file query_20.cif (mmCIF, C-alpha atoms)
data_coords
#
loop_
_atom_site.group_PDB
_atom_site.id
_atom_site.type_symbol
_atom_site.label_atom_id
_atom_site.label_comp_id
_atom_site.auth_asym_id
_atom_site.auth_seq_id
_atom_site.Cartn_x
_atom_site.Cartn_y
_atom_site.Cartn_z
ATOM 1 C CA MET A 768 -10.516 12.880 -15.432
ATOM 2 C CA ASP A 769 -11.198 11.071 -18.715
ATOM 3 C CA ILE A 770 -10.077 7.443 -18.518
ATOM 4 C CA THR A 771 -8.021 7.706 -21.723
ATOM 5 C CA HIS A 772 -6.278 10.840 -20.514
ATOM 6 C CA GLN A 773 -5.646 9.112 -17.201
ATOM 7 C CA LEU A 774 -4.137 6.139 -19.044
ATOM 8 C CA ILE A 775 -1.709 8.321 -20.989
ATOM 9 C CA SER A 776 -0.803 10.444 -17.968
ATOM 10 C CA ILE A 777 -0.065 7.460 -15.699
ATOM 11 C CA PHE A 778 1.875 5.614 -18.408
ATOM 12 C CA CYS A 779 4.115 8.604 -19.139
ATOM 13 C CA GLU A 780 4.879 9.052 -15.445
ATOM 14 C CA ILE A 781 5.640 5.365 -14.941
ATOM 15 C CA ASP A 782 7.640 5.077 -18.150
ATOM 16 C CA ASP A 783 9.855 8.022 -17.147
ATOM 17 C CA PHE A 784 10.430 6.359 -13.790
ATOM 18 C CA CYS A 785 11.328 3.016 -15.401
ATOM 19 C CA LYS A 786 13.821 4.691 -17.724
ATOM 20 C CA GLU A 787 15.535 6.415 -14.800
ATOM 21 C CA LEU A 788 15.565 3.148 -12.893
ATOM 22 C CA ASP A 789 17.192 1.327 -15.819
ATOM 23 C CA ASN A 790 19.818 4.030 -16.136
ATOM 24 C CA TYR A 791 20.545 3.871 -12.410
ATOM 25 C CA PHE A 792 21.013 0.088 -12.333
ATOM 26 C CA SER A 793 22.826 -0.065 -15.641
ATOM 27 C CA GLY A 794 26.235 -1.601 -15.006
ATOM 28 C CA LYS A 795 25.566 -2.090 -11.273
ATOM 29 C CA LEU A 796 23.829 -5.475 -11.356
ATOM 30 C CA LEU A 797 25.618 -8.803 -11.237
ATOM 31 C CA THR A 798 25.778 -10.602 -14.560
ATOM 32 C CA GLY A 799 26.564 -14.139 -15.519
ATOM 33 C CA PRO A 800 25.275 -17.151 -17.380
ATOM 34 C CA THR A 801 21.511 -17.424 -17.139
ATOM 35 C CA LYS A 802 19.259 -20.324 -17.897
ATOM 36 C CA SER A 803 17.378 -19.869 -21.141
ATOM 37 C CA GLN A 804 13.639 -19.478 -20.738
ATOM 38 C CA ARG A 805 11.179 -21.516 -22.699
ATOM 39 C CA GLY A 806 8.528 -19.856 -24.796
ATOM 40 C CA PRO A 807 8.384 -16.438 -26.467
ATOM 41 C CA GLU A 808 9.953 -13.366 -24.917
ATOM 42 C CA CYS A 809 7.769 -10.775 -23.227
ATOM 43 C CA ARG A 810 6.848 -7.987 -25.642
ATOM 44 C CA LEU A 811 5.141 -5.865 -22.988
ATOM 45 C CA SER A 812 7.416 -3.420 -21.214
ATOM 46 C CA ILE A 813 7.584 -3.160 -17.442
ATOM 47 C CA SER A 814 5.919 0.258 -17.589
ATOM 48 C CA GLU A 815 2.998 -1.151 -19.611
ATOM 49 C CA ILE A 816 2.402 -3.953 -17.106
ATOM 50 C CA MET A 817 2.538 -1.497 -14.210
ATOM 51 C CA THR A 818 0.122 0.861 -15.959
ATOM 52 C CA ILE A 819 -2.467 -1.865 -16.509
ATOM 53 C CA LEU A 820 -2.275 -3.020 -12.881
ATOM 54 C CA ILE A 821 -2.529 0.486 -11.449
ATOM 55 C CA LEU A 822 -5.416 1.460 -13.726
ATOM 56 C CA PHE A 823 -7.310 -1.648 -12.667
ATOM 57 C CA GLN A 824 -7.161 -0.376 -9.091
ATOM 58 C CA SER A 825 -8.361 3.071 -10.202
ATOM 59 C CA THR A 826 -11.449 1.758 -11.984
ATOM 60 C CA ARG A 827 -14.648 0.279 -10.582
ATOM 61 C CA PHE A 828 -13.863 -3.239 -11.759
ATOM 62 C CA ARG A 829 -13.787 -5.836 -8.990
ATOM 63 C CA ASP A 830 -12.536 -8.732 -11.127
ATOM 64 C CA PHE A 831 -9.181 -8.361 -12.874
ATOM 65 C CA LYS A 832 -9.997 -11.042 -15.444
ATOM 66 C CA ASN A 833 -13.081 -9.167 -16.639
ATOM 67 C CA PHE A 834 -11.132 -5.909 -16.639
ATOM 68 C CA TYR A 835 -8.326 -7.400 -18.739
ATOM 69 C CA GLN A 836 -10.387 -9.429 -21.206
ATOM 70 C CA GLY A 837 -13.502 -7.283 -21.399
ATOM 71 C CA PHE A 838 -12.018 -3.805 -21.218
ATOM 72 C CA VAL A 839 -8.262 -3.628 -21.859
ATOM 73 C CA SER A 840 -8.208 -6.167 -24.700
ATOM 74 C CA ARG A 841 -11.293 -4.671 -26.325
ATOM 75 C CA TYR A 842 -10.907 -0.909 -25.907
ATOM 76 C CA TRP A 843 -7.202 -0.336 -25.215
ATOM 77 C CA HIS A 844 -5.631 -2.756 -27.663
ATOM 78 C CA ASP A 845 -4.397 0.166 -29.779
ATOM 79 C CA TYR A 846 -2.481 1.506 -26.768
ATOM 80 C CA PHE A 847 -1.047 -1.940 -25.992
ATOM 81 C CA PRO A 848 -0.502 -3.574 -29.425
ATOM 82 C CA SER A 849 1.602 -6.401 -27.947
ATOM 83 C CA LEU A 850 -1.000 -7.361 -25.372
ATOM 84 C CA PRO A 851 -0.677 -11.071 -24.486
ATOM 85 C CA SER A 852 -3.399 -13.435 -23.351
ATOM 86 C CA TYR A 853 -4.787 -13.189 -19.851
ATOM 87 C CA ALA A 854 -3.005 -16.368 -18.722
ATOM 88 C CA ARG A 855 0.317 -15.039 -20.021
ATOM 89 C CA PHE A 856 -0.192 -11.659 -18.334
ATOM 90 C CA ILE A 857 -0.777 -13.347 -14.971
ATOM 91 C CA VAL A 858 2.646 -14.981 -15.345
ATOM 92 C CA LEU A 859 4.266 -11.630 -16.194
ATOM 93 C CA MET A 860 2.772 -9.761 -13.250
ATOM 94 C CA LYS A 861 5.418 -10.865 -10.784
ATOM 95 C CA ARG A 862 8.121 -9.046 -12.769
ATOM 96 C CA VAL A 863 6.893 -5.609 -11.692
ATOM 97 C CA ILE A 864 6.569 -5.997 -7.926
ATOM 98 C CA PHE A 865 10.055 -4.587 -7.257
ATOM 99 C CA PRO A 866 9.915 -1.503 -9.542
ATOM 100 C CA MET A 867 6.313 -0.808 -8.513
ATOM 101 C CA THR A 868 7.310 -0.869 -4.842
ATOM 102 C CA LEU A 869 10.090 1.648 -5.522
ATOM 103 C CA PHE A 870 7.689 3.795 -7.539
ATOM 104 C CA THR A 871 5.180 3.844 -4.674
ATOM 105 C CA GLN A 872 7.842 4.871 -2.170
ATOM 106 C CA ILE A 873 9.254 7.600 -4.417
ATOM 107 C CA LYS A 874 5.765 8.854 -5.271
ATOM 108 C CA GLY A 875 4.983 9.173 -1.552
ATOM 109 C CA GLY A 876 3.958 12.421 0.093
ATOM 110 C CA LYS A 877 6.077 15.197 1.518
ATOM 111 C CA ARG A 878 7.541 15.266 4.998
ATOM 112 C CA THR A 879 5.398 17.942 6.635
ATOM 113 C CA GLY A 880 6.348 17.302 10.274
ATOM 114 C CA ILE A 881 2.898 15.926 11.181
ATOM 115 C CA TYR A 882 2.286 12.216 10.644
ATOM 116 C CA TYR A 883 -0.345 9.594 11.424
ATOM 117 C CA ILE A 884 0.334 5.877 11.737
ATOM 118 C CA ASP A 885 -2.073 2.948 11.829
ATOM 119 C CA SER A 886 -2.495 -0.647 10.677
ATOM 120 C CA SER A 887 -5.236 -2.727 9.114
ATOM 121 C CA CYS A 888 -5.777 -6.472 8.991
ATOM 122 C CA LEU A 889 -5.623 -8.314 5.654
ATOM 123 C CA PRO A 890 -7.495 -11.612 6.189
ATOM 124 C CA VAL A 891 -6.617 -14.326 3.688
ATOM 125 C CA CYS A 892 -9.761 -16.343 4.420
ATOM 126 C CA HIS A 893 -12.620 -16.621 6.863
ATOM 127 C CA LEU A 894 -11.444 -17.482 10.337
ATOM 128 C CA LYS A 895 -13.386 -20.774 10.293
ATOM 129 C CA ARG A 896 -11.485 -21.917 7.169
ATOM 130 C CA SER A 897 -8.016 -21.006 8.438
ATOM 131 C CA LYS A 898 -7.051 -24.616 9.263
ATOM 132 C CA ARG A 899 -7.432 -25.765 5.663
ATOM 133 C CA HIS A 900 -6.200 -22.632 3.904
ATOM 134 C CA LYS A 901 -3.286 -23.412 1.539
ATOM 135 C CA THR A 902 -2.193 -20.308 -0.415
ATOM 136 C CA PHE A 903 -0.812 -18.368 2.572
ATOM 137 C CA ASP A 904 -0.335 -21.416 4.769
ATOM 138 C CA GLU A 905 3.292 -20.648 5.737
ATOM 139 C CA ILE A 906 2.921 -16.865 5.758
ATOM 140 C CA ALA A 907 -0.376 -15.911 7.395
ATOM 141 C CA GLU A 908 -0.735 -15.860 11.177
ATOM 142 C CA TYR A 909 -3.527 -15.323 13.657
ATOM 143 C CA GLY A 910 -3.903 -11.747 14.799
ATOM 144 C CA ARG A 911 -6.317 -9.681 16.808
ATOM 145 C CA THR A 912 -7.736 -6.217 16.266
ATOM 146 C CA SER A 913 -10.323 -4.143 18.079
ATOM 147 C CA VAL A 914 -13.081 -5.988 16.193
ATOM 148 C CA GLY A 915 -11.842 -9.524 16.864
ATOM 149 C CA TRP A 916 -9.529 -12.271 15.615
ATOM 150 C CA PHE A 917 -8.442 -12.783 12.007
ATOM 151 C CA PHE A 918 -6.097 -15.041 10.028
ATOM 152 C CA GLY A 919 -3.846 -13.288 7.567
ATOM 153 C CA LEU A 920 -1.457 -10.366 7.218
ATOM 154 C CA LYS A 921 -1.253 -6.776 8.402
ATOM 155 C CA LEU A 922 -0.804 -3.575 6.434
ATOM 156 C CA HIS A 923 0.967 -0.755 8.300
ATOM 157 C CA ILE A 924 0.925 2.724 6.753
ATOM 158 C CA VAL A 925 2.122 6.220 7.601
ATOM 159 C CA ILE A 926 0.528 9.337 6.109
ATOM 160 C CA ASN A 927 1.140 13.047 6.561
ATOM 161 C CA ASP A 928 -1.425 15.641 7.620
ATOM 162 C CA ARG A 929 -2.493 16.051 3.964
ATOM 163 C CA GLY A 930 -3.535 12.406 3.600
ATOM 164 C CA GLU A 931 -0.556 11.527 1.393
ATOM 165 C CA LEU A 932 1.027 8.087 1.761
ATOM 166 C CA LEU A 933 4.596 8.215 3.054
ATOM 167 C CA THR A 934 5.526 4.614 3.682
ATOM 168 C CA PHE A 935 3.990 1.200 4.226
ATOM 169 C CA LYS A 936 4.860 -2.288 5.396
ATOM 170 C CA VAL A 937 3.201 -5.703 5.129
ATOM 171 C CA THR A 938 3.759 -8.118 8.012
ATOM 172 C CA ARG A 939 2.330 -11.301 9.442
ATOM 173 C CA GLY A 940 -0.931 -10.939 11.293
ATOM 174 C CA HIS A 941 0.495 -11.568 14.755
ATOM 175 C CA ARG A 942 3.000 -8.685 14.646
ATOM 176 C CA SER A 943 2.090 -5.860 17.010
ATOM 177 C CA ASP A 944 1.945 -2.244 15.923
ATOM 178 C CA CYS A 945 4.737 -1.234 18.310
ATOM 179 C CA GLN A 946 7.116 -3.771 16.789
ATOM 180 C CA GLU A 947 6.791 -2.214 13.327
ATOM 181 C CA ALA A 948 6.446 1.462 14.213
ATOM 182 C CA GLN A 949 10.181 2.010 14.706
ATOM 183 C CA SER A 950 11.119 1.047 11.139
ATOM 184 C CA LEU A 951 8.180 2.945 9.643
ATOM 185 C CA LEU A 952 8.833 6.207 11.496
ATOM 186 C CA THR A 953 12.612 6.216 11.214
ATOM 187 C CA MET A 954 14.202 9.354 9.730
ATOM 188 C CA LEU A 955 11.029 11.389 10.410
ATOM 189 C CA GLU A 956 10.986 14.472 12.622
ATOM 190 C CA GLY A 957 8.133 16.387 14.172
ATOM 191 C CA LEU A 958 4.930 14.914 15.598
ATOM 192 C CA ALA A 959 3.473 11.442 15.029
ATOM 193 C CA PHE A 960 0.015 10.352 16.161
ATOM 194 C CA GLY A 961 -1.265 6.827 16.699
ATOM 195 C CA ASP A 962 -3.885 4.865 18.613
ATOM 196 C CA LYS A 963 -3.413 3.029 21.915
ATOM 197 C CA GLY A 964 -1.701 0.154 20.122
ATOM 198 C CA TYR A 965 1.451 2.294 19.877
ATOM 199 C CA ILE A 966 1.789 2.966 23.604
ATOM 200 C CA SER A 967 5.339 2.001 24.542
ATOM 201 C CA LYS A 968 7.867 3.924 26.614
ATOM 202 C CA LYS A 969 10.763 2.260 24.809
ATOM 203 C CA LEU A 970 9.314 3.237 21.419
ATOM 204 C CA PHE A 971 8.585 6.777 22.602
ATOM 205 C CA ASP A 972 12.123 7.300 23.914
ATOM 206 C CA SER A 973 13.714 5.855 20.785
ATOM 207 C CA LEU A 974 11.696 8.073 18.449
ATOM 208 C CA PHE A 975 12.141 11.121 20.668
ATOM 209 C CA GLN A 976 15.919 10.809 20.373
ATOM 210 C CA GLN A 977 15.661 11.092 16.599
ATOM 211 C CA GLY A 978 13.438 14.187 16.855
ATOM 212 C CA LEU A 979 9.985 12.630 16.534
ATOM 213 C CA LYS A 980 7.424 12.901 19.341
ATOM 214 C CA LEU A 981 4.901 10.050 19.379
ATOM 215 C CA ILE A 982 1.503 11.060 20.774
ATOM 216 C CA THR A 983 -1.274 8.554 21.528
ATOM 217 C CA ARG A 984 -4.453 8.293 23.524
ATOM 218 C CA GLN A 985 -3.955 7.340 27.154
ATOM 219 C CA ARG A 986 -5.218 4.288 28.971
ATOM 220 C CA LYS A 987 -7.264 4.740 32.121
ATOM 221 C CA ASN A 988 -4.506 3.407 34.384
ATOM 222 C CA MET A 989 -1.836 5.723 32.955
ATOM 223 C CA LYS A 990 -0.574 8.940 34.486
ATOM 224 C CA GLU A 991 -1.847 12.034 32.756
ATOM 225 C CA VAL A 992 0.599 13.489 30.247
ATOM 226 C CA THR A 993 0.760 17.223 29.675
ATOM 227 C CA ARG A 994 0.080 18.169 26.058
ATOM 228 C CA THR A 995 -0.350 21.474 24.305
ATOM 229 C CA ALA A 996 -3.682 22.504 22.839
ATOM 230 C CA TYR A 997 -2.140 22.186 19.380
ATOM 231 C CA GLU A 998 -1.122 18.569 20.025
ATOM 232 C CA LYS A 999 -4.559 17.712 21.430
ATOM 233 C CA GLN A 1000 -6.302 19.120 18.379
ATOM 234 C CA LEU A 1001 -4.029 17.224 15.992
ATOM 235 C CA LEU A 1002 -4.619 14.028 17.955
ATOM 236 C CA ASP A 1003 -8.372 14.571 17.571
ATOM 237 C CA GLN A 1004 -7.844 14.579 13.770
ATOM 238 C CA ARG A 1005 -6.300 11.089 13.822
ATOM 239 C CA GLY A 1006 -9.427 9.870 12.066
ATOM 240 C CA ILE A 1007 -8.024 10.989 8.707
ATOM 241 C CA ILE A 1008 -5.848 7.861 8.579
ATOM 242 C CA GLU A 1009 -8.961 5.766 9.190
ATOM 243 C CA THR A 1010 -10.485 7.548 6.202
ATOM 244 C CA VAL A 1011 -7.444 6.678 4.075
ATOM 245 C CA ILE A 1012 -7.564 3.004 5.109
ATOM 246 C CA GLY A 1013 -11.283 2.857 4.363
ATOM 247 C CA HIS A 1014 -10.663 4.413 0.956
ATOM 248 C CA LEU A 1015 -7.965 1.837 0.196
ATOM 249 C CA LYS A 1016 -10.319 -0.985 1.118
ATOM 250 C CA HIS A 1017 -13.504 0.164 -0.585
ATOM 251 C CA HIS A 1018 -12.283 2.181 -3.585
ATOM 252 C CA TYR A 1019 -9.019 0.464 -4.475
ATOM 253 C CA HIS A 1020 -10.033 -2.993 -3.216
ATOM 254 C CA VAL A 1021 -6.655 -3.283 -1.545
ATOM 255 C CA TRP A 1022 -7.337 -6.869 -0.483
ATOM 256 C CA HIS A 1023 -9.693 -9.806 -0.879
ATOM 257 C CA THR A 1024 -9.724 -13.456 0.199
ATOM 258 C CA ARG A 1025 -9.653 -15.111 -3.228
ATOM 259 C CA HIS A 1026 -5.963 -14.908 -4.090
ATOM 260 C CA ARG A 1027 -4.371 -18.018 -5.589
ATOM 261 C CA SER A 1028 -0.773 -16.802 -5.530
ATOM 262 C CA VAL A 1029 1.204 -14.961 -2.860
ATOM 263 C CA ILE A 1030 3.298 -13.009 -5.382
ATOM 264 C CA ASN A 1031 0.279 -11.907 -7.414
ATOM 265 C CA ALA A 1032 -1.552 -10.954 -4.222
ATOM 266 C CA MET A 1033 1.354 -8.736 -3.180
ATOM 267 C CA THR A 1034 1.529 -7.279 -6.690
ATOM 268 C CA HIS A 1035 -2.133 -6.246 -6.588
ATOM 269 C CA LEU A 1036 -1.621 -4.808 -3.098
ATOM 270 C CA ILE A 1037 1.347 -2.681 -4.201
ATOM 271 C CA ALA A 1038 -0.591 -1.606 -7.307
ATOM 272 C CA ALA A 1039 -3.437 -0.367 -5.093
ATOM 273 C CA LEU A 1040 -1.007 1.619 -2.938
ATOM 274 C CA ALA A 1041 0.661 3.016 -6.060
ATOM 275 C CA ALA A 1042 -2.727 4.103 -7.406
ATOM 276 C CA TYR A 1043 -3.437 5.916 -4.151
ATOM 277 C CA ALA A 1044 0.023 7.512 -4.149
ATOM 278 C CA ILE A 1045 -0.705 8.910 -7.623
ATOM 279 C CA GLU A 1046 -4.141 10.239 -6.664
ATOM 280 C CA PRO A 1047 -4.422 10.606 -2.853
ATOM 281 C CA LEU A 1048 -7.442 11.916 -1.008
ATOM 282 C CA LYS A 1049 -7.462 15.667 -0.524
ATOM 283 C CA LEU A 1050 -7.398 15.815 3.260
ATOM 284 C CA SER A 1051 -5.826 18.255 5.665
ATOM 285 C CA ALA A 1052 -5.673 18.105 9.440
ATOM 286 C CA ILE A 1053 -4.416 21.702 9.533
ATOM 287 C CA GLN A 1054 -7.456 23.011 7.649
ATOM 288 C CA LEU A 1055 -9.699 21.167 10.064
ATOM 289 C CA LEU A 1056 -7.970 22.889 12.961
ATOM 290 C CA THR A 1057 -8.687 26.357 11.524
ATOM 291 C CA ALA A 1058 -12.401 25.593 11.725
ATOM 292 C CA TYR A 1059 -12.292 25.422 15.540
#
call {"tool": "encode", "arguments": {"input": "query_20.cif", "output": "structure tokens"}}
result
Amino acid sequence: MDITHQLISIFCEIDDFCKELDNYFSGKLLTGPTKSQRGPECRLSISEIMTILILFQSTRFRDFKNFYQGFVSRYWHDYFPSLPSYARFIVLMKRVIFPMTLFTQIKGGKRTGIYYIDSSCLPVCHLKRSKRHKTFDEIAEYGRTSVGWFFGLKLHIVINDRGELLTFKVTRGHRSDCQEAQSLLTMLEGLAFGDKGYISKKLFDSLFQQGLKLITRQRKNMKEVTRTAYEKQLLDQRGIIETVIGHLKHHYHVWHTRHRSVINAMTHLIAALAAYAIEPLKLSAIQLLTAY
């Protein structure tokens, strides 16, 4: 897709969402005396800020400053006539984290009855520098994955069998997958597939009562569980969520270790997830099954 056409298409979709959101909250929010803010008012709309952040994740730029100053300001100034300086835009970014989170959830995929759940570590710095790290000092925690220890946060996601993002959650690095699976899989029915990190009888029973069967690989010391051939084949396709996580990391640059602000880091993370929700990978576990 042409980048200009992509710009217009994403902006129109986001702007329609922002208008509906404003209409929904109109008259429902608490009002009262507010402290006057110093400096000029923001002339960029919420939808314009969201569009710029999401398009940054969709492009090949790795540095937001170069993207903003070298590309947006130079080539898209006609589309954003009230574009502020880079320093001012960094201050405005935090205003869109709430509407962009709602947009990502609403833009999520369909409930198909087949779901995959997994998590990925989000290191905030190299493990050797964790003692002197300051930005996420009171938020990041030590965690462990199959590849070793890390210091940072965790991203938990749920996708359907088509590779579409359904829901996500960001937690501290020490939180286990089982602790977060309940809230992520609530209100879903059908079959859910995860790795051995989601083995828990309490979690299985709780989800089964709501109509969702959680299926995982078995440990060597576990009793063999009877599964249908259909369930075994779907479990073998659990790698599609690994593909989605890899795509988020390498294409959308969902995380890096150079953040200077927690709020801006979360804003870029949500923008990356929103970009994927708009244009997900075209995957299908069901199509893979027909090839057998």
call {"tool": "atom_distance", "arguments": {"input": "query_20.cif", "atom1": "atom CA of Leu922 of chain A", "atom2": "atom CA of Val937 of chain A"}}
result
4.7 Å
call {"tool": "residues_around", "arguments": {"input": "query_20.cif", "residues": "segment 839-850 of chain A", "least_positions_apart": "4", "cutoff": "8 Å", "atoms": "only C-alpha atoms", "output": "number ranges by chain"}}
result
A: 810-811, 815, 834-835
call {"tool": "write_last_selection", "arguments": {"input": "query_20.cif", "atoms": "C-alpha atoms", "output": "short mmCIF file (atom, residue, chain, number, x, y, z; two decimals), in the coordinates of the input"}}
result
data_model
loop_
_atom_site.label_atom_id
_atom_site.label_comp_id
_atom_site.auth_asym_id
_atom_site.auth_seq_id
_atom_site.Cartn_x
_atom_site.Cartn_y
_atom_site.Cartn_z
CA ARG A 810 6.85 -7.99 -25.64
CA LEU A 811 5.14 -5.86 -22.99
CA GLU A 815 3.00 -1.15 -19.61
CA PHE A 834 -11.13 -5.91 -16.64
CA TYR A 835 -8.33 -7.40 -18.74
#
call {"tool": "resolve_selection", "arguments": {"input": "query_20.cif", "expression": "the PyMOL selection byres ((chain A and resi 1034) around 9)", "output": "PyMOL selection string"}}
result
chain A and resi 820+860-861+863-865+867-868+1029-1033+1035-1039
call {"tool": "atom_distance", "arguments": {"input": "query_20.cif", "atom1": "atom CA of Lys969 of chain A", "atom2": "atom CA of Arg942 of chain A"}}
result
16.8 Å
call {"tool": "residues_near_point", "arguments": {"input": "query_20.cif", "point": "(3.8, 10.4, 15.1)", "cutoff": "12 Å", "atoms": "all atoms listed in the file", "output": "ChimeraX atom specification"}}
result
/A:878-885,924-928,948-949,951-962,965-966,970-971,974-975,977-984,998,1001-1002,1005,1008
call {"tool": "resolve_selection", "arguments": {"input": "query_20.cif", "expression": "the PyMOL selection byres ((chain A and resi 1049) around 8)", "output": "VMD selection string"}}
result
chain A and resid 929 to 930 1047 to 1048 1050 to 1051
call {"tool": "atom_distance", "arguments": {"input": "query_20.cif", "atom1": "atom CA of Glu908 of chain A", "atom2": "atom CA of Val891 of chain A"}}
result
9.6 Å
call {"tool": "closest_residue", "arguments": {"input": "query_20.cif", "among": "A:His1026, A:Ile873, A:Thr826, A:Ile781", "to": "Leu933 of chain A", "atoms": "only C-alpha atoms"}}
result
A:Ile873
call {"tool": "residues_around", "arguments": {"input": "query_20.cif", "residues": "Gln872 of chain A", "least_positions_apart": "6", "cutoff": "9 Å", "atoms": "only C-alpha atoms", "output": "list in words"}}
result
Leu932, Leu933, Thr934, Phe935, Ala1041 and Ala1044 of chain A
call {"tool": "resolve_selection", "arguments": {"input": "query_20.cif", "expression": "the PyMOL selection byres ((chain A and resi 1017-1024) around 7)", "output": "number ranges by chain"}}
result
A: 824-825, 889-892, 1013-1016, 1025-1026, 1036, 1039
call {"tool": "write_last_selection", "arguments": {"input": "query_20.cif", "atoms": "C-alpha atoms", "output": "PDB file, in the coordinates of the input"}}
result
ATOM      1  CA  GLN A 824      -7.161  -0.376  -9.091  1.00  0.00           C
ATOM      2  CA  SER A 825      -8.361   3.071 -10.202  1.00  0.00           C
ATOM      3  CA  LEU A 889      -5.623  -8.314   5.654  1.00  0.00           C
ATOM      4  CA  PRO A 890      -7.495 -11.612   6.189  1.00  0.00           C
ATOM      5  CA  VAL A 891      -6.617 -14.326   3.688  1.00  0.00           C
ATOM      6  CA  CYS A 892      -9.761 -16.343   4.420  1.00  0.00           C
ATOM      7  CA  GLY A1013     -11.283   2.857   4.363  1.00  0.00           C
ATOM      8  CA  HIS A1014     -10.663   4.413   0.956  1.00  0.00           C
ATOM      9  CA  LEU A1015      -7.965   1.837   0.196  1.00  0.00           C
ATOM     10  CA  LYS A1016     -10.319  -0.985   1.118  1.00  0.00           C
ATOM     11  CA  ARG A1025      -9.653 -15.111  -3.228  1.00  0.00           C
ATOM     12  CA  HIS A1026      -5.963 -14.908  -4.090  1.00  0.00           C
ATOM     13  CA  LEU A1036      -1.621  -4.808  -3.098  1.00  0.00           C
ATOM     14  CA  ALA A1039      -3.437  -0.367  -5.093  1.00  0.00           C
TER      15      ALA A1039
END
call {"tool": "closest_residue", "arguments": {"input": "query_20.cif", "among": "A:Trp916, A:Ala1042, A:Ser887, A:Leu859", "to": "Ile816 of chain A", "atoms": "all atoms listed in the file"}}
result
A:Leu859
call {"tool": "residues_near_point", "arguments": {"input": "query_20.cif", "point": "(14.4, 1.6, -16.1)", "cutoff": "12 Å", "atoms": "all atoms listed in the file", "output": "ChimeraX atom specification"}}
result
/A:781-793,812-814,863,865-867,869-870
call {"tool": "closest_residue", "arguments": {"input": "query_20.cif", "among": "A:Thr871, A:Ser886, A:Glu991, A:Phe838", "to": "Gly964 of chain A", "atoms": "only C-alpha atoms"}}
result
A:Ser886
call {"tool": "closest_residue", "arguments": {"input": "query_20.cif", "among": "A:His772, A:His923, A:Arg827, A:Arg986", "to": "Leu1040 of chain A", "atoms": "all atoms listed in the file"}}
result
A:His923
call {"tool": "closest_residue", "arguments": {"input": "query_20.cif", "among": "A:Arg911, A:Arg855, A:His900, A:Lys963", "to": "Cys809 of chain A", "atoms": "only C-alpha atoms"}}
result
A:Arg855
